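Trainee: One structure coming up, written as structure tokens, with questions to follow.
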Amino acid sequence: MFFGRVMRYKILFLILLLAGSCKRERESTHPQLEAISESVYASGIVKSRNQYQVFATVNGVISDVRVSEGSLVRKGDVLMTIRNESSQLNVENAKLAAARSDLKANSDKLKEARVSIDLARAKLNDDSLLMVRQRNLRSQGVGAQVELEQRELAYKNSAT
């Protein structure tokens with residue numbers, strides 16, 4: 001019985017809710033006849049007719065301005081002087097590197113390299129002979145296998 005009463009109240013509440021939400025007034029739209037205006041918006045930069053933008057080919061600080069505002073300039077005229085210490089340092093470093101790699105400056109290093117090459121060739125020949133002798137001895141049963149392997153390793157190192 002209690003549930004029946006609750007159900008009646010719920011149904012009554014829903015009916016009242018639906019009845020209250022329905023309106024008889026309708027919204028309407030009425031067109032009007034008017035002139036149409038058209039607008040276009042854009043952003044940009046306004047420049048004068050003979051205005052040019054100049055860019056430097058190198059980085060640096062302007063050290064000297066050789067023209068004034070409104071001056072007449074021609075193609076090839078120098079407008080400003082740019083001080084670029086890093087490029088000057090690069091040029092000096094290149095000159096030093098060239099001087100250091102000069103044949104006369106490196107003649108001692110070349111002589112030392114030739115001596116090292118000759119010494120390496122002599123060691124290769126010596127290790128080759130010792131390896132062949134150890135193989136001959138080993139084939140006759142004289143000497144240990146370890147000695148032969150050491151001679152072969154020494155020869156490979158010299159060859160490398």
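Each chain of the structure tokens is named A, B, ... in the order shown, its residues numbered from 1; ligands are numbered from 1 in display order.
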List the spatial neighbours of stretch 144-147 of chain A as a list of chain:residue names - criterion: any atom at most 12 Å away, only C-alpha atoms, same-chain residues fewer than 3 positions off excluded.

Mentor: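 Selected residues are A:Leu130, A:Met131, A:Val132, A:Arg133, A:Gln134, A:Arg135, A:Asn136, A:Leu137, A:Arg138, A:Ser139, A:Gln140, A:Gly141, A:Gln150, A:Arg151, A:Glu152, A:Leu153, A:Ala154.
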
Trainee: Within stretch 26-153 of chain A, find each residue whose DSSP state, derived from the backbone, is helix (DSSP H, G or I), and express the selection as a VMD selection string.

Mentor: chain A and resid 85 to 100 107 to 139 145 to 153

Trainee: Do you have the atom CA of A:Phe55-atom CA of A:Leu89 distance handy?

Mentor: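 Calculated distance between atom CA of A:Phe55 and atom CA of A:Leu89 is 22.7 Å.
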
Trainee: Measure the distance from atom CA of A:Val54 to atom CA of A:Val67 in Å and round it to one decimal.

Mentor: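 A separation of 13.5 Å between them.
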
Trainee: Distance atom CA of A:Ala105-atom CA of A:Ala120, one decimal place?

Mentor: 24.8 Å

Trainee: Report as a list in words: the residues of stretch 16-132 of chain A with a DSSP assignment of strand (DSSP E or B), based on the backbone of this structure.

Mentor: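 Taking stretch 16-132 of chain A and keeping strand (DSSP E or B) gives Val61, Ile62, Ser63, Asp64, Val65, Met80, Thr81, Ile82 and Arg83 of chain A.
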
Trainee: Taking into account only C-alpha atoms, which residue in the set A:Leu12, A:Ser63, A:Val78, A:Thr160 is nearest to A:Arg121?

Mentor: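 Of the candidates, the smallest distance to A:Arg121 is held by A:Thr160.
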